[in-house]
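Contents: one structure, followed by commentary.
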Amino acid sequence: MNTKYIFVTGGVVSGLGKGITAASLGRLLKNRGYKVTIQKFDPYLNVDPGTMSPYEHGEVFVTDDGAETDLDLGHYERFIDENLTKDSSITMGKIYLEVLEKEREGEYLGKTVQVIPHVTNEIKDKIYSFENTDTDIVITEIGGTVGDIEGLSIIEAIRQVGLEKNPEDVLYIHVTLLPYISGSNEIKSKPTQHSVKDLQSYGIKPNILVCRSEIDIPDSIREKLALFCNVRKENVIQNKTAKCLYEVPLMLEKEGLGRAVCNQLRLDNYIPDNSEWQEMIEKIENIKDKTVKIAIVGKYTRLEDAYISVIESLTHAGYANNVKVKVDLIDSEKINKDNVKAKLEDYDGIVVPGGFGNRGIEGMITAIQYVRENNVPFLGICLGMQMSVVEFARNVLNLEDVNSEEFEESAKNKVIHIMDEQREIKKKGGTMRLGAYPCLLKENSTVRELYGKENISERHRHRFEYNNEYKDRLENAGLLCSGVSPNGKLVEIVEYKKHPFFVGVQFHPELKSRPNKPSPVFVGLVKATKDRKYGDD
């Protein structure tokens, strides 16, 4: 079978759910037995989102091979349950950088370097990179909206793909908004018509429209869109807001998206096996009427997307524990010793996530001291793990002038210090310890019980590490190093055994959690919160 290409574009406004649409379609095609991968093209000129503020771009999602990527790759992985790679995240910054490097090396033989063909060829190379692999279908999401000036070369490149490949091997899906005007009680189709007209002006005729709407789309609107947008009526797909994010694939299946795609791409396997996904949704819908409240005490609380994978991982762990998880974001900068009890006493568990810079650090440390002393289930991730070590050294070992080298280079007791291989690195982008690394779990530890095995692999994104000079003192006081690198030099996990659940991990377990395969440490945290609130039932 020839490799099939599906392009997902967006119009009218951003934030309509192109990523969820692409991820959901990937799940529907995988459930039909096809090998699917998904990639994202972002129009911005940053080489990757690694140096961008979370307020600009949300979280940075890290792949096994160490690529710092757009958060949509997290949705892709959670839906299709495939580990993606650097080939799945491409920015225009990366494209232009590679074009200019080739020009400097003389690869263009003195020709004038232009957007067409040199930039568009580079884009197509990324799209075609999955050929001659076991991938059957490549779904490519185009970031932004049609008409954005920075994305025009991507639109041109995917138009060329439609010419270079057989018609039955290429499919264009356009995601748009159908706004509902409550005053007149009607859905308006004009924004979608104009968006499709813009796309057609660039030489692309969408085969399928996925229309976001708050209410059911009447037949009259479907007929109107079919007529004015030059698509079949049955290919006007409704996409209403779902109660649960993971319902979307089944909703789109019911609307006929899977069948429409199979028709266009001449795929034989029309009937999917959605049984496993359906069982998961039924389990979610039948969760007992029990709820635990968990606070994420972090630095970037103005934007939920900054912690989207952590939030989703807590939700997954709730599914596994048959309990609903209510998550609140609390700004660590606003926590101090005078108000910490008032801010945290209503929560059943606390997560302190990753981050960079010293803003809000003392609030994190204060929150960690509170949960340690009051037996509140706690999970520290990356920076959160490091601050748990700082807190323990300050308040249990009673050492003076304790900090991380990241925040105070002159501190007397730097219990967290920079990794040796990071000391001479000056460039910021893509230079941290990134990607999946192995970890060995100690016997009789909490994490060994949670994972059920000795060897695990988790994804990292950090420059600083646990200072082994303090290991004996910390362990003698009760802060066990329960996970280490295979050579024993790097401490990856700490846990406090005199506590119901107090675990800090240097890696980011949220990056590998799936709705039907939740991260073990999140499952352990949520179980501890449930036991604390409801007893061990």
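Letters A, B, ... go to the chains of the structure tokens in the order shown; residues in each chain start at 1; ligands are counted from 1 in the same order.
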Report task. Extract, using only C-alpha atoms, all DNA, RNA and protein residues at most 10 Å from Gly203 (chain A), discarding same-chain residues fewer than 6 positions from it, and format them as a PyMOL selection string. Result -> chain A and resi 155-156+158-160+162+197
Deliver the residues from the most recent selection as a file, using N, CA, C and O atoms, as a CSV table (one decimal), in the first residue's frame.
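Below you can see out_38.csv, which holds the result:
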```csv
chain,number,residue,atom,x,y,z
A,155,ILE,N,1.4,25.8,3.5
A,155,ILE,CA,0.2,25.6,2.7
A,155,ILE,C,0.6,25.3,1.3
A,155,ILE,O,0.1,24.3,0.6
A,156,GLU,N,1.6,26.0,0.8
A,156,GLU,CA,2.0,25.8,-0.6
A,156,GLU,C,2.7,24.4,-0.7
A,156,GLU,O,2.4,23.7,-1.7
A,158,ILE,N,2.0,21.6,1.1
A,158,ILE,CA,1.0,20.5,1.1
A,158,ILE,C,0.2,20.6,-0.2
A,158,ILE,O,-0.4,19.5,-0.6
A,159,ARG,N,0.1,21.7,-0.8
A,159,ARG,CA,-0.6,21.8,-2.1
A,159,ARG,C,0.2,21.0,-3.2
A,159,ARG,O,-0.4,20.2,-3.9
A,160,GLN,N,1.5,21.1,-3.1
A,160,GLN,CA,2.4,20.4,-4.0
A,160,GLN,C,2.3,18.9,-3.8
A,160,GLN,O,2.4,18.1,-4.7
A,162,GLY,N,-0.2,17.3,-3.0
A,162,GLY,CA,-1.4,16.8,-3.7
A,162,GLY,C,-1.2,16.6,-5.1
A,162,GLY,O,-1.9,15.8,-5.8
A,197,LYS,N,-12.9,29.4,1.3
A,197,LYS,CA,-12.6,30.2,0.1
A,197,LYS,C,-11.1,30.6,0.1
A,197,LYS,O,-10.4,30.6,-0.9
```
Requested in this report: Report as a ChimeraX atom specification: the residues of region 30-248 of chain A with a DSSP assignment of strand (DSSP E), based on the backbone of this structure.
Outcome: /A:36-42,61-62,68-69,89-91,137-142,170-177,180-181,186-187,208-213,236-240
Query raised in the report: Expressed in Å to a single decimal, how great is the separation between CA of Lys40 (chain A) and CA of Glu98 (chain A)?
Result: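 Separation between CA of Lys40 (chain A) and CA of Glu98 (chain A): 17.3 Å.
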Using only C-alpha atoms, which protein or nucleic acid residues come within 10 Å of Lys86 (chain A)? Drop anything in the same chain fewer than 3 positions from it, and give the result as a PDB file with N, CA, C and O atoms, in the first residue's frame.
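What ended up in out_8.pdb:
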```
ATOM      1  N   GLN A  39       2.280  14.197  12.723  1.00  0.00           N
ATOM      2  CA  GLN A  39       3.299  15.231  12.863  1.00  0.00           C
ATOM      3  C   GLN A  39       2.627  16.596  12.887  1.00  0.00           C
ATOM      4  O   GLN A  39       1.483  16.755  12.450  1.00  0.00           O
ATOM      5  N   VAL A  62       8.321  16.531  25.528  1.00  0.00           N
ATOM      6  CA  VAL A  62       9.608  15.932  25.146  1.00  0.00           C
ATOM      7  C   VAL A  62       9.394  14.496  24.687  1.00  0.00           C
ATOM      8  O   VAL A  62       8.702  13.716  25.353  1.00  0.00           O
ATOM      9  N   THR A  63       9.987  14.148  23.557  1.00  0.00           N
ATOM     10  CA  THR A  63       9.865  12.792  23.011  1.00  0.00           C
ATOM     11  C   THR A  63      10.998  11.905  23.536  1.00  0.00           C
ATOM     12  O   THR A  63      11.953  12.386  24.141  1.00  0.00           O
ATOM     13  N   ASP A  64      10.882  10.606  23.279  1.00  0.00           N
ATOM     14  CA  ASP A  64      11.928   9.666  23.708  1.00  0.00           C
ATOM     15  C   ASP A  64      13.299  10.054  23.167  1.00  0.00           C
ATOM     16  O   ASP A  64      14.318   9.899  23.850  1.00  0.00           O
ATOM     17  N   ASP A  65      13.348  10.541  21.932  1.00  0.00           N
ATOM     18  CA  ASP A  65      14.641  10.863  21.323  1.00  0.00           C
ATOM     19  C   ASP A  65      15.116  12.279  21.648  1.00  0.00           C
ATOM     20  O   ASP A  65      16.061  12.778  21.043  1.00  0.00           O
ATOM     21  N   GLY A  66      14.449  12.934  22.598  1.00  0.00           N
ATOM     22  CA  GLY A  66      14.953  14.200  23.119  1.00  0.00           C
ATOM     23  C   GLY A  66      14.524  15.444  22.389  1.00  0.00           C
ATOM     24  O   GLY A  66      15.107  16.515  22.618  1.00  0.00           O
ATOM     25  N   ALA A  67      13.510  15.367  21.537  1.00  0.00           N
ATOM     26  CA  ALA A  67      13.016  16.566  20.857  1.00  0.00           C
ATOM     27  C   ALA A  67      12.100  17.354  21.790  1.00  0.00           C
ATOM     28  O   ALA A  67      11.242  16.782  22.467  1.00  0.00           O
ATOM     29  N   GLU A  68      12.311  18.672  21.843  1.00  0.00           N
ATOM     30  CA  GLU A  68      11.409  19.560  22.574  1.00  0.00           C
ATOM     31  C   GLU A  68      10.344  20.024  21.593  1.00  0.00           C
ATOM     32  O   GLU A  68      10.651  20.679  20.594  1.00  0.00           O
ATOM     33  N   THR A  69       9.083  19.700  21.871  1.00  0.00           N
ATOM     34  CA  THR A  69       8.042  19.841  20.864  1.00  0.00           C
ATOM     35  C   THR A  69       6.801  20.566  21.391  1.00  0.00           C
ATOM     36  O   THR A  69       6.673  20.847  22.580  1.00  0.00           O
ATOM     37  N   SER A  89       7.689  16.851  14.851  1.00  0.00           N
ATOM     38  CA  SER A  89       7.560  18.248  15.274  1.00  0.00           C
ATOM     39  C   SER A  89       8.496  19.117  14.458  1.00  0.00           C
ATOM     40  O   SER A  89       9.719  19.038  14.596  1.00  0.00           O
ATOM     41  N   ILE A  90       7.923  19.942  13.596  1.00  0.00           N
ATOM     42  CA  ILE A  90       8.722  20.782  12.704  1.00  0.00           C
ATOM     43  C   ILE A  90       8.226  22.217  12.792  1.00  0.00           C
ATOM     44  O   ILE A  90       7.019  22.474  12.700  1.00  0.00           O
TER      45      ILE A  90
END
```
What are the closest atom pairs, with distances in Å to one decimal, for all residues of region 379-444 of chain A lying within 12 Å of region 512-529 of chain A? Consider only C-alpha atoms, order rows by chain and residue number, and present the result as CSV.
```
residue,atom,partner,partner_atom,distance
A:Leu379,CA,A:Leu525,CA,6.8
A:Gly380,CA,A:Val521,CA,10.2
A:Ile381,CA,A:Val521,CA,10.3
A:Gly435,CA,A:Lys512,CA,11.3
A:Ala436,CA,A:Lys512,CA,10.0
```
Requested in this report: Quick one: everything within 10 Å of region 384-400 of chain A, counting only C-alpha atoms, minus sequence neighbours fewer than 6 positions away in the same chain. Send it as a ChimeraX atom specification.
Outcome: /A:297-298,351-355,361-362,364-369,372,378,411-417,464-467,470,473-474,476-479,492-496,502-507
Report task. Name the residues in contact with region 452-458 of chain A at a cut-off of 6 Å, using only C-alpha atoms, excluding same-chain residues fewer than 3 positions from it; report them as a PyMOL selection string. Result -> chain A and resi 436-441+448-449
Query raised in the report: Given the choices A:His499, A:Arg32, A:Lys18, A:His462, which gets closest to Gly430 (chain A) if the distance is worked out from only C-alpha atoms?
Result: A:His462
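Across the model, the gap from CA of Leu163 (chain A) to CA of Gly19 (chain A) is 25.0 Å.
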Pull the closest atom pair for each residue of region 116-218 of chain A that gets at most 12 Å from region 103-111 of chain A, along with the distance in Å to one decimal, counting only C-alpha atoms, ordering rows by chain and then ascending residue number, as a tab-separated table.
```
residue	atom	partner	partner_atom	distance
A:Pro117	CA	A:Tyr108	CA	11.1
A:His118	CA	A:Tyr108	CA	8.8
A:Val119	CA	A:Glu103	CA	11.4
```
Requested in this report: Determine which residues of region 242-274 of chain A receive a DSSP assignment of helix (DSSP H, G or I), computed from the backbone, and state them as a VMD selection string.
Outcome: chain A and resid 245 to 255 257 to 265
Query - Which residue of A:Ile204, A:Met419, A:Val196, A:Ile154 approaches Thr120 (chain A) most closely, using only C-alpha atoms - result: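 Nearest candidate to Thr120 (chain A) out of A:Ile204, A:Met419, A:Val196, A:Ile154: A:Ile154.
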